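Source file data.pdb; content: PDB, C-alpha atoms.
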MODEL        1
ATOM      1  CA  MET M   1       0.000   0.000   0.000
ATOM      2  CA  SER M   2       1.439   3.369  -0.987
ATOM      3  CA  ALA M   3       1.745   6.183   1.546
ATOM      4  CA  ALA M   4      -0.890   8.216  -0.308
ATOM      5  CA  THR M   5      -3.365   5.324  -0.167
ATOM      6  CA  ALA M   6      -2.652   4.739   3.501
ATOM      7  CA  GLU M   7      -3.306   8.407   4.215
ATOM      8  CA  ARG M   8      -6.615   8.288   2.382
ATOM      9  CA  LYS M   9      -7.774   5.256   4.328
ATOM     10  CA  ALA M  10     -10.716   6.068   6.572
ATOM     11  CA  LYS M  11     -10.137   6.773  10.239
ATOM     12  CA  VAL M  12     -13.032   5.334  12.189
ATOM     13  CA  ALA M  13     -13.711   6.053  15.820
ATOM     14  CA  SER M  14     -16.514   5.286  18.198
ATOM     15  CA  VAL M  15     -17.391   8.219  20.412
ATOM     16  CA  GLY M  16     -19.426   7.042  23.350
ATOM     17  CA  GLU M  17     -21.660   4.063  22.765
ATOM     18  CA  ARG M  18     -23.840   5.427  20.041
ATOM     19  CA  GLU M  19     -21.682   7.722  17.970
ATOM     20  CA  VAL M  20     -19.371   6.988  15.110
ATOM     21  CA  THR M  21     -17.057   9.431  13.387
ATOM     22  CA  ILE M  22     -15.150   8.814  10.204
ATOM     23  CA  GLU M  23     -12.482  11.043   8.715
ATOM     24  CA  ARG M  24     -11.036  10.573   5.322
ATOM     25  CA  VAL M  25      -9.060  12.579   2.776
ATOM     26  CA  PHE M  26      -9.942  12.308  -0.902
ATOM     27  CA  ASP M  27      -7.497  13.210  -3.617
ATOM     28  CA  ALA M  28     -10.060  15.358  -5.454
ATOM     29  CA  PRO M  29     -11.262  18.973  -5.200
ATOM     30  CA  ARG M  30     -14.268  19.618  -3.008
ATOM     31  CA  ASP M  31     -16.651  20.403  -5.884
ATOM     32  CA  ARG M  32     -15.936  17.013  -7.451
ATOM     33  CA  VAL M  33     -16.466  15.161  -4.172
ATOM     34  CA  TRP M  34     -19.683  17.107  -3.606
ATOM     35  CA  ARG M  35     -20.982  16.193  -7.069
ATOM     36  CA  ALA M  36     -20.067  12.532  -6.585
ATOM     37  CA  MET M  37     -22.030  12.513  -3.342
ATOM     38  CA  THR M  38     -25.068  14.502  -4.439
ATOM     39  CA  ASP M  39     -25.696  13.757  -8.128
ATOM     40  CA  PRO M  40     -27.822  10.584  -8.051
ATOM     41  CA  LYS M  41     -26.336   9.314 -11.321
ATOM     42  CA  LEU M  42     -22.864   9.527  -9.790
ATOM     43  CA  VAL M  43     -23.981   8.260  -6.365
ATOM     44  CA  ALA M  44     -25.354   5.117  -8.047
ATOM     45  CA  GLN M  45     -21.838   4.321  -9.258
ATOM     46  CA  TRP M  46     -20.226   3.890  -5.842
ATOM     47  CA  TRP M  47     -22.784   3.854  -3.035
ATOM     48  CA  GLY M  48     -23.703   0.195  -3.583
ATOM     49  CA  ARG M  49     -20.192  -0.986  -2.608
ATOM     50  CA  GLY M  50     -19.898  -2.852  -5.892
ATOM     51  CA  ASN M  51     -23.510  -4.038  -5.810
ATOM     52  CA  LYS M  52     -26.068  -2.774  -8.279
ATOM     53  CA  LEU M  53     -27.861   0.207  -6.803
ATOM     54  CA  THR M  54     -31.328   1.489  -7.570
ATOM     55  CA  VAL M  55     -31.993   5.080  -6.589
ATOM     56  CA  GLU M  56     -35.712   4.924  -5.851
ATOM     57  CA  ARG M  57     -36.007   8.439  -4.508
ATOM     58  CA  TRP M  58     -33.690  11.403  -4.466
ATOM     59  CA  GLU M  59     -35.305  14.656  -3.368
ATOM     60  CA  PHE M  60     -32.178  16.626  -2.670
ATOM     61  CA  GLN M  61     -33.620  19.456  -0.626
ATOM     62  CA  LYS M  62     -34.329  20.151   3.020
ATOM     63  CA  GLY M  63     -36.955  17.659   4.173
ATOM     64  CA  GLY M  64     -36.565  15.652   0.967
ATOM     65  CA  HIS M  65     -36.680  11.871   0.972
ATOM     66  CA  TRP M  66     -33.951   9.564  -0.340
ATOM     67  CA  ARG M  67     -34.237   5.827  -0.821
ATOM     68  CA  PHE M  68     -31.708   3.377  -2.265
ATOM     69  CA  VAL M  69     -31.896  -0.362  -2.829
ATOM     70  CA  GLU M  70     -28.712  -2.410  -3.027
ATOM     71  CA  HIS M  71     -29.046  -5.626  -5.023
ATOM     72  CA  SER M  72     -26.603  -8.325  -3.953
ATOM     73  CA  ASP M  73     -26.356 -12.112  -4.263
ATOM     74  CA  HIS M  74     -27.682 -12.285  -0.712
ATOM     75  CA  GLY M  75     -30.792 -10.310  -1.473
ATOM     76  CA  ASN M  76     -31.939  -6.733  -1.682
ATOM     77  CA  HIS M  77     -31.328  -4.147   1.005
ATOM     78  CA  GLY M  78     -33.263  -0.920   1.234
ATOM     79  CA  PHE M  79     -31.861   2.212   2.907
ATOM     80  CA  GLU M  80     -33.604   5.504   3.304
ATOM     81  CA  GLY M  81     -33.832   8.781   5.118
ATOM     82  CA  ARG M  82     -34.563  12.473   4.909
ATOM     83  CA  PHE M  83     -32.350  15.450   4.327
ATOM     84  CA  ALA M  84     -32.320  17.823   7.289
ATOM     85  CA  GLU M  85     -29.745  20.369   6.146
ATOM     86  CA  ILE M  86     -28.012  20.967   2.851
ATOM     87  CA  GLU M  87     -25.241  23.560   2.480
ATOM     88  CA  PRO M  88     -23.467  23.162  -0.868
ATOM     89  CA  PRO M  89     -20.660  22.267  -1.237
ATOM     90  CA  ALA M  90     -19.791  21.686   2.392
ATOM     91  CA  LYS M  91     -22.453  20.033   4.506
ATOM     92  CA  VAL M  92     -25.330  17.553   4.500
ATOM     93  CA  VAL M  93     -27.308  16.419   7.540
ATOM     94  CA  GLN M  94     -29.597  13.471   6.975
ATOM     95  CA  THR M  95     -31.288  10.561   8.656
ATOM     96  CA  PHE M  96     -30.362   7.002   7.758
ATOM     97  CA  GLU M  97     -32.454   3.900   8.230
ATOM     98  CA  TRP M  98     -31.970   0.342   7.026
ATOM     99  CA  ASP M  99     -35.076  -1.724   6.224
ATOM    100  CA  GLY M 100     -33.573  -4.563   8.299
ATOM    101  CA  MET M 101     -33.670  -2.509  11.526
ATOM    102  CA  PRO M 102     -36.790  -0.399  11.247
ATOM    103  CA  GLY M 103     -37.079   2.295  13.889
ATOM    104  CA  HIS M 104     -33.322   2.429  14.485
ATOM    105  CA  VAL M 105     -32.301   5.737  13.023
ATOM    106  CA  ALA M 106     -28.877   7.277  12.574
ATOM    107  CA  PHE M 107     -28.464  11.022  12.225
ATOM    108  CA  GLU M 108     -25.586  11.646   9.898
ATOM    109  CA  THR M 109     -23.685  14.899   9.546
ATOM    110  CA  LEU M 110     -21.319  14.977   6.647
ATOM    111  CA  THR M 111     -18.894  17.824   6.041
ATOM    112  CA  LEU M 112     -16.388  18.447   3.283
ATOM    113  CA  GLU M 113     -13.412  20.711   3.897
ATOM    114  CA  ASP M 114     -11.348  22.118   1.041
ATOM    115  CA  LEU M 115      -7.738  21.402   1.989
ATOM    116  CA  GLY M 116      -6.532  23.981  -0.541
ATOM    117  CA  ASP M 117      -4.191  21.604  -2.369
ATOM    118  CA  GLY M 118      -6.748  19.873  -4.553
ATOM    119  CA  ARG M 119      -7.687  17.437  -1.797
ATOM    120  CA  THR M 120     -10.792  17.269   0.348
ATOM    121  CA  GLN M 121     -11.233  16.252   3.958
ATOM    122  CA  LEU M 122     -14.463  14.383   4.596
ATOM    123  CA  ARG M 123     -15.869  14.015   8.087
ATOM    124  CA  THR M 124     -18.953  12.069   9.019
ATOM    125  CA  HIS M 125     -20.550  11.992  12.419
ATOM    126  CA  SER M 126     -23.375   9.541  13.104
ATOM    127  CA  ILE M 127     -25.536   9.263  16.184
ATOM    128  CA  PHE M 128     -27.689   6.164  16.587
ATOM    129  CA  MET M 129     -31.068   6.282  18.119
ATOM    130  CA  THR M 130     -33.888   3.916  18.753
ATOM    131  CA  LYS M 131     -37.401   4.924  17.844
ATOM    132  CA  GLN M 132     -37.958   5.829  21.501
ATOM    133  CA  ASP M 133     -34.953   8.176  21.584
ATOM    134  CA  ARG M 134     -36.038   9.747  18.353
ATOM    135  CA  ASP M 135     -39.546  10.375  19.621
ATOM    136  CA  GLY M 136     -38.115  11.825  22.844
ATOM    137  CA  MET M 137     -35.946  14.161  20.849
ATOM    138  CA  LEU M 138     -38.907  15.203  18.782
ATOM    139  CA  GLN M 139     -40.767  16.040  21.992
ATOM    140  CA  SER M 140     -37.993  18.108  23.577
ATOM    141  CA  GLY M 141     -37.325  19.906  20.311
ATOM    142  CA  MET M 142     -40.927  20.953  20.065
ATOM    143  CA  GLU M 143     -40.975  22.203  23.655
ATOM    144  CA  SER M 144     -37.990  24.493  23.296
ATOM    145  CA  GLY M 145     -38.724  25.518  19.748
ATOM    146  CA  VAL M 146     -35.755  27.881  19.631
ATOM    147  CA  ASN M 147     -33.215  26.087  17.541
ATOM    148  CA  GLU M 148     -34.094  26.465  13.922
ATOM    149  CA  SER M 149     -32.277  23.355  12.821
ATOM    150  CA  TYR M 150     -34.012  21.292  15.484
ATOM    151  CA  ALA M 151     -37.317  22.666  14.320
ATOM    152  CA  ALA M 152     -36.462  21.612  10.796
ATOM    153  CA  LEU M 153     -35.467  18.215  12.112
ATOM    154  CA  ASP M 154     -38.750  17.956  13.961
ATOM    155  CA  ARG M 155     -40.751  18.688  10.850
ATOM    156  CA  LEU M 156     -38.892  16.078   8.925
ATOM    157  CA  LEU M 157     -39.064  13.507  11.712
ATOM    158  CA  ALA M 158     -42.810  13.956  11.877
ATOM    159  CA  THR M 159     -43.004  12.782   8.300
ATOM    160  CA  LEU M 160     -40.922   9.671   9.024
ATOM    161  CA  ASN M 161     -43.547   7.851  11.046
TER     162      ASN M 161
ATOM    163  CA  MET R   1     -28.594 -22.655  46.420
ATOM    164  CA  VAL R   2     -29.436 -20.187  43.707
ATOM    165  CA  GLN R   3     -28.695 -21.295  40.200
ATOM    166  CA  TYR R   4     -27.681 -18.333  38.108
ATOM    167  CA  HIS R   5     -28.291 -18.223  34.415
ATOM    168  CA  THR R   6     -24.724 -18.990  33.490
ATOM    169  CA  GLY R   7     -24.861 -17.642  29.965
ATOM    170  CA  MET R   8     -26.013 -14.243  31.098
ATOM    171  CA  ASP R   9     -23.571 -14.078  33.984
ATOM    172  CA  ALA R  10     -20.632 -14.918  31.795
ATOM    173  CA  GLY R  11     -21.774 -12.303  29.325
ATOM    174  CA  PHE R  12     -21.944  -9.574  31.968
ATOM    175  CA  ALA R  13     -18.567 -10.514  33.379
ATOM    176  CA  ALA R  14     -17.042 -10.523  29.930
ATOM    177  CA  MET R  15     -18.432  -7.108  29.046
ATOM    178  CA  SER R  16     -17.543  -5.485  32.369
ATOM    179  CA  ASP R  17     -13.959  -4.862  31.319
ATOM    180  CA  VAL R  18     -12.927  -2.002  29.030
ATOM    181  CA  THR R  19     -10.160  -4.027  27.342
ATOM    182  CA  ARG R  20     -12.544  -6.872  26.604
ATOM    183  CA  ARG R  21     -15.065  -4.464  25.099
ATOM    184  CA  GLY R  22     -12.214  -3.072  23.001
ATOM    185  CA  ILE R  23     -11.270  -6.584  21.864
ATOM    186  CA  LEU R  24     -14.851  -7.226  20.736
ATOM    187  CA  GLU R  25     -14.934  -3.976  18.823
ATOM    188  CA  ARG R  26     -11.597  -4.845  17.203
ATOM    189  CA  LEU R  27     -12.767  -8.349  16.244
ATOM    190  CA  GLY R  28     -15.957  -6.839  14.863
ATOM    191  CA  ARG R  29     -13.829  -5.451  12.059
ATOM    192  CA  THR R  30     -11.651  -8.465  11.237
ATOM    193  CA  PRO R  31     -10.354 -11.575  13.028
ATOM    194  CA  ALA R  32      -6.942 -11.187  14.680
ATOM    195  CA  SER R  33      -4.293 -13.353  16.300
ATOM    196  CA  ILE R  34      -3.639 -13.276  20.057
ATOM    197  CA  THR R  35      -0.213 -11.768  19.296
ATOM    198  CA  ASP R  36      -1.783  -8.950  17.254
ATOM    199  CA  LEU R  37      -4.339  -8.258  19.948
ATOM    200  CA  ALA R  38      -1.684  -8.243  22.675
ATOM    201  CA  SER R  39       0.446  -5.708  20.838
ATOM    202  CA  GLN R  40      -2.534  -3.533  19.886
ATOM    203  CA  PHE R  41      -3.746  -3.340  23.463
ATOM    204  CA  GLY R  42      -0.210  -3.070  24.889
ATOM    205  CA  MET R  43      -0.482  -6.274  26.906
ATOM    206  CA  THR R  44       1.522  -9.407  27.487
ATOM    207  CA  LEU R  45       0.512 -12.578  25.628
ATOM    208  CA  THR R  46      -0.468 -14.171  28.931
ATOM    209  CA  GLY R  47      -2.699 -11.240  29.837
ATOM    210  CA  MET R  48      -4.394 -11.254  26.446
ATOM    211  CA  LYS R  49      -4.920 -15.031  26.589
ATOM    212  CA  LYS R  50      -6.787 -14.560  29.884
ATOM    213  CA  HIS R  51      -9.073 -11.897  28.424
ATOM    214  CA  VAL R  52      -9.767 -14.010  25.338
ATOM    215  CA  ALA R  53     -10.514 -17.024  27.556
ATOM    216  CA  VAL R  54     -13.157 -15.005  29.444
ATOM    217  CA  LEU R  55     -14.717 -13.885  26.170
ATOM    218  CA  GLU R  56     -14.636 -17.447  24.825
ATOM    219  CA  ARG R  57     -16.375 -18.834  27.903
ATOM    220  CA  ALA R  58     -19.122 -16.271  27.330
ATOM    221  CA  GLY R  59     -19.393 -17.347  23.696
ATOM    222  CA  LEU R  60     -18.563 -13.849  22.506
ATOM    223  CA  VAL R  61     -15.299 -14.913  20.878
ATOM    224  CA  ARG R  62     -14.085 -18.124  19.328
ATOM    225  CA  SER R  63     -10.486 -18.967  18.528
ATOM    226  CA  LYS R  64      -8.825 -21.526  16.339
ATOM    227  CA  LYS R  65      -5.212 -22.603  16.365
ATOM    228  CA  VAL R  66      -3.610 -23.104  12.994
ATOM    229  CA  GLY R  67       0.045 -24.099  13.268
ATOM    230  CA  ARG R  68       1.479 -21.810  15.917
ATOM    231  CA  VAL R  69      -0.996 -18.973  15.460
ATOM    232  CA  ARG R  70      -4.228 -18.729  17.405
ATOM    233  CA  THR R  71      -6.744 -16.583  15.530
ATOM    234  CA  CYS R  72      -9.707 -15.018  17.296
ATOM    235  CA  ALA R  73     -13.016 -13.962  15.776
ATOM    236  CA  LEU R  74     -16.397 -12.940  17.091
ATOM    237  CA  GLY R  75     -18.159 -15.956  18.568
ATOM    238  CA  PRO R  76     -21.574 -17.539  18.087
ATOM    239  CA  ARG R  77     -23.223 -15.452  20.790
ATOM    240  CA  THR R  78     -24.456 -12.296  19.150
ATOM    241  CA  LEU R  79     -24.058  -9.002  20.851
ATOM    242  CA  ASP R  80     -26.983  -6.804  21.492
ATOM    243  CA  LYS R  81     -28.688  -6.316  18.151
ATOM    244  CA  GLU R  82     -28.159  -2.588  18.241
ATOM    245  CA  MET R  83     -24.429  -2.876  18.906
ATOM    246  CA  ALA R  84     -24.063  -5.379  16.108
ATOM    247  CA  TRP R  85     -25.887  -3.003  13.788
ATOM    248  CA  ILE R  86     -23.575  -0.123  14.709
ATOM    249  CA  GLU R  87     -20.550  -2.308  13.943
ATOM    250  CA  GLN R  88     -22.074  -3.334  10.647
ATOM    251  CA  TYR R  89     -22.902   0.282   9.854
ATOM    252  CA  LYS R  90     -19.266   1.301  10.412
ATOM    253  CA  ARG R  91     -17.991  -1.359   8.047
ATOM    254  CA  MET R  92     -20.608  -0.381   5.491
ATOM    255  CA  LEU R  93     -19.593   3.270   5.661
ATOM    256  CA  GLU R  94     -15.931   2.376   5.230
ATOM    257  CA  GLN R  95     -16.722   0.225   2.204
ATOM    258  CA  ARG R  96     -18.747   3.054   0.674
ATOM    259  CA  LEU R  97     -15.951   5.546   1.172
ATOM    260  CA  ASP R  98     -13.459   3.106  -0.368
ATOM    261  CA  ARG R  99     -15.736   2.882  -3.390
ATOM    262  CA  LEU R 100     -16.116   6.648  -3.533
ATOM    263  CA  ASP R 101     -12.338   6.981  -3.447
ATOM    264  CA  ALA R 102     -11.978   4.496  -6.302
ATOM    265  CA  PHE R 103     -14.720   6.282  -8.239
ATOM    266  CA  LEU R 104     -12.990   9.659  -7.870
ATOM    267  CA  GLU R 105      -9.701   8.106  -9.024
ATOM    268  CA  ARG R 106     -11.374   6.495 -12.004
ATOM    269  CA  THR R 107     -13.160   9.639 -13.146
ATOM    270  CA  LYS R 108     -10.202  11.959 -12.616
ATOM    271  CA  GLY R 109     -10.037  14.370 -15.552
ATOM    272  CA  ASP R 110     -13.478  13.368 -16.873
ATOM    273  CA  GLU R 111     -14.879  16.722 -15.883
ATOM    274  CA  LYS R 112     -13.344  20.053 -15.233
TER     275      LYS R 112
ENDMDL
END

In structure tokens, write the structure found in this file.
Amino acid sequence: MSAATAERKAKVASVGEREVTIERVFDAPRDRVWRAMTDPKLVAQWWGRGNKLTVERWEFQKGGHWRFVEHSDHGNHGFEGRFAEIEPPAKVVQTFEWDGMPGHVAFETLTLEDLGDGRTQLRTHSIFMTKQDRDGMLQSGMESGVNESYAALDRLLATLN
Amino acid sequence: MVQYHTGMDAGFAAMSDVTRRGILERLGRTPASITDLASQFGMTLTGMKKHVAVLERAGLVRSKKVGRVRTCALGPRTLDKEMAWIEQYKRMLEQRLDRLDAFLERTKGDEK
């Protein structure tokens, strides 16, 4: 493995029991990485991990719904969620659910940082929640009602049920 | 005399130690030899063998000796479903990012 490849390899860490962060540097400018991650035709070419991928829904806007199905020899796997925040070309916040574990939702925050030398630093932060946690969060968010992003999250969570 | 549910007891004992939880997380990614585990966790071989033995008794880890190397992997007893899912999710994310990396390499220069 070359040094450049080793450097690009993902750094994965568990923060607490229910959080996962991943950091990774891509040897491509930020705009290219952003397009690869947000243009459904391009997403379909890598997201399936080598499996055929069907993009069933891709509403790339705040509150929009995304749904992918991976087709493998072991069967089909559906994944879906909603977009909570979109800030091109730097940030996406979305929910993530796998059909195999309904009600177990991950909130994913993905940021892209322009490293200024043609490379891009990607960071993902995921928090896992059970349906109960999610509903609790929905409740507390509605009570405070101050944080705009939480309010947006609430609206989108309401549509998940 | 009270008969404890041995499976559950062994599981609690096994998970009560931070190193053992670390070992499970490590083995959730790929199997590893006792020697690898010992060096990764900065322990002696003897110390690591003891930890692995506790995990094996609880069914959380299984090991197999091939030649002079004992390789450990996650055992038949599944962890809490949620924990297993988080582990699986991590691997999935890594695989996706590997694919994204390969995709960006492949399409380099396709668009400006």

Could you pull the residues within 7 Å of Gly63 of chain M, counting only C-alpha atoms, minus those fewer than 2 positions along the same chain, as a count of residues only? 6

Residue by residue, what does the PyMOL selection byres ((chain R) within 8 of (chain M)) grab here? Present the result as a ChimeraX atom specification. /R:86,90,94-101,103-105,108

Go ahead and save the picked residues with C-alpha atoms, as a JSON list (two decimals), in the coordinates of the input.
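Output file selection.json follows:
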[["chain", "number", "residue", "atom", "x", "y", "z"],
["R", 86, "ILE", "CA", -23.58, -0.12, 14.71],
["R", 90, "LYS", "CA", -19.27, 1.30, 10.41],
["R", 94, "GLU", "CA", -15.93, 2.38, 5.23],
["R", 95, "GLN", "CA", -16.72, 0.22, 2.20],
["R", 96, "ARG", "CA", -18.75, 3.05, 0.67],
["R", 97, "LEU", "CA", -15.95, 5.55, 1.17],
["R", 98, "ASP", "CA", -13.46, 3.11, -0.37],
["R", 99, "ARG", "CA", -15.74, 2.88, -3.39],
["R", 100, "LEU", "CA", -16.12, 6.65, -3.53],
["R", 101, "ASP", "CA", -12.34, 6.98, -3.45],
["R", 103, "PHE", "CA", -14.72, 6.28, -8.24],
["R", 104, "LEU", "CA", -12.99, 9.66, -7.87],
["R", 105, "GLU", "CA", -9.70, 8.11, -9.02],
["R", 108, "LYS", "CA", -10.20, 11.96, -12.62]]

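Across M:Gln121, M:Pro102, M:Ala90, M:Thr111, the tightest approach to Trp85 of chain R is made by M:Pro102 when counting all atoms listed in the file.
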
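Coordinates place atom CA of Pro89 of chain M at a distance of 19.4 Å from atom CA of Asp110 of chain R.
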
Might you spell out which residues the PyMOL selection byres ((chain M and resi 56) around 8) would select in the displayed file, as an MDAnalysis selection string? chainID M and resid 54:55 57:58 66:69

Coordinates-based distance that separates atom CA of Arg91 of chain R from atom CA of Phe79 of chain M (Å, one decimal):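 Calculated distance between atom CA of Phe79 of chain M and atom CA of Arg91 of chain R is 15.2 Å.
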
Pairwise distance for atom CA of Val52 of chain R and atom CA of Pro31 of chain R, rounded to one decimal in Å: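 About the pair atom CA of Val52 of chain R and atom CA of Pro31 of chain R: they are 12.6 Å apart.
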
Could you tell me which residues the PyMOL selection byres ((chain R and resi 61-70) around 10) returns for this structure, as a PyMOL selection string? chain R and resi 23-24+27+31-35+49+52-60+71-78

I'd like to know which of R:Ser39, R:Leu93, R:Leu45, R:Gly109 is closest to Phe96 of chain M, using all atoms listed in the file.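 Smallest distance to Phe96 of chain M is found for R:Leu93.
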
Box along x, y and z, 3 Å on every side, all listed atoms of segment 32-48 of chain R inside: centre and edge lengths in Å to one decimal, as lines of an AutoDock Vina configuration file.
center_x = -2.7
center_y = -8.6
center_z = 22.3
size_x = 14.5
size_y = 17.1
size_z = 21.2
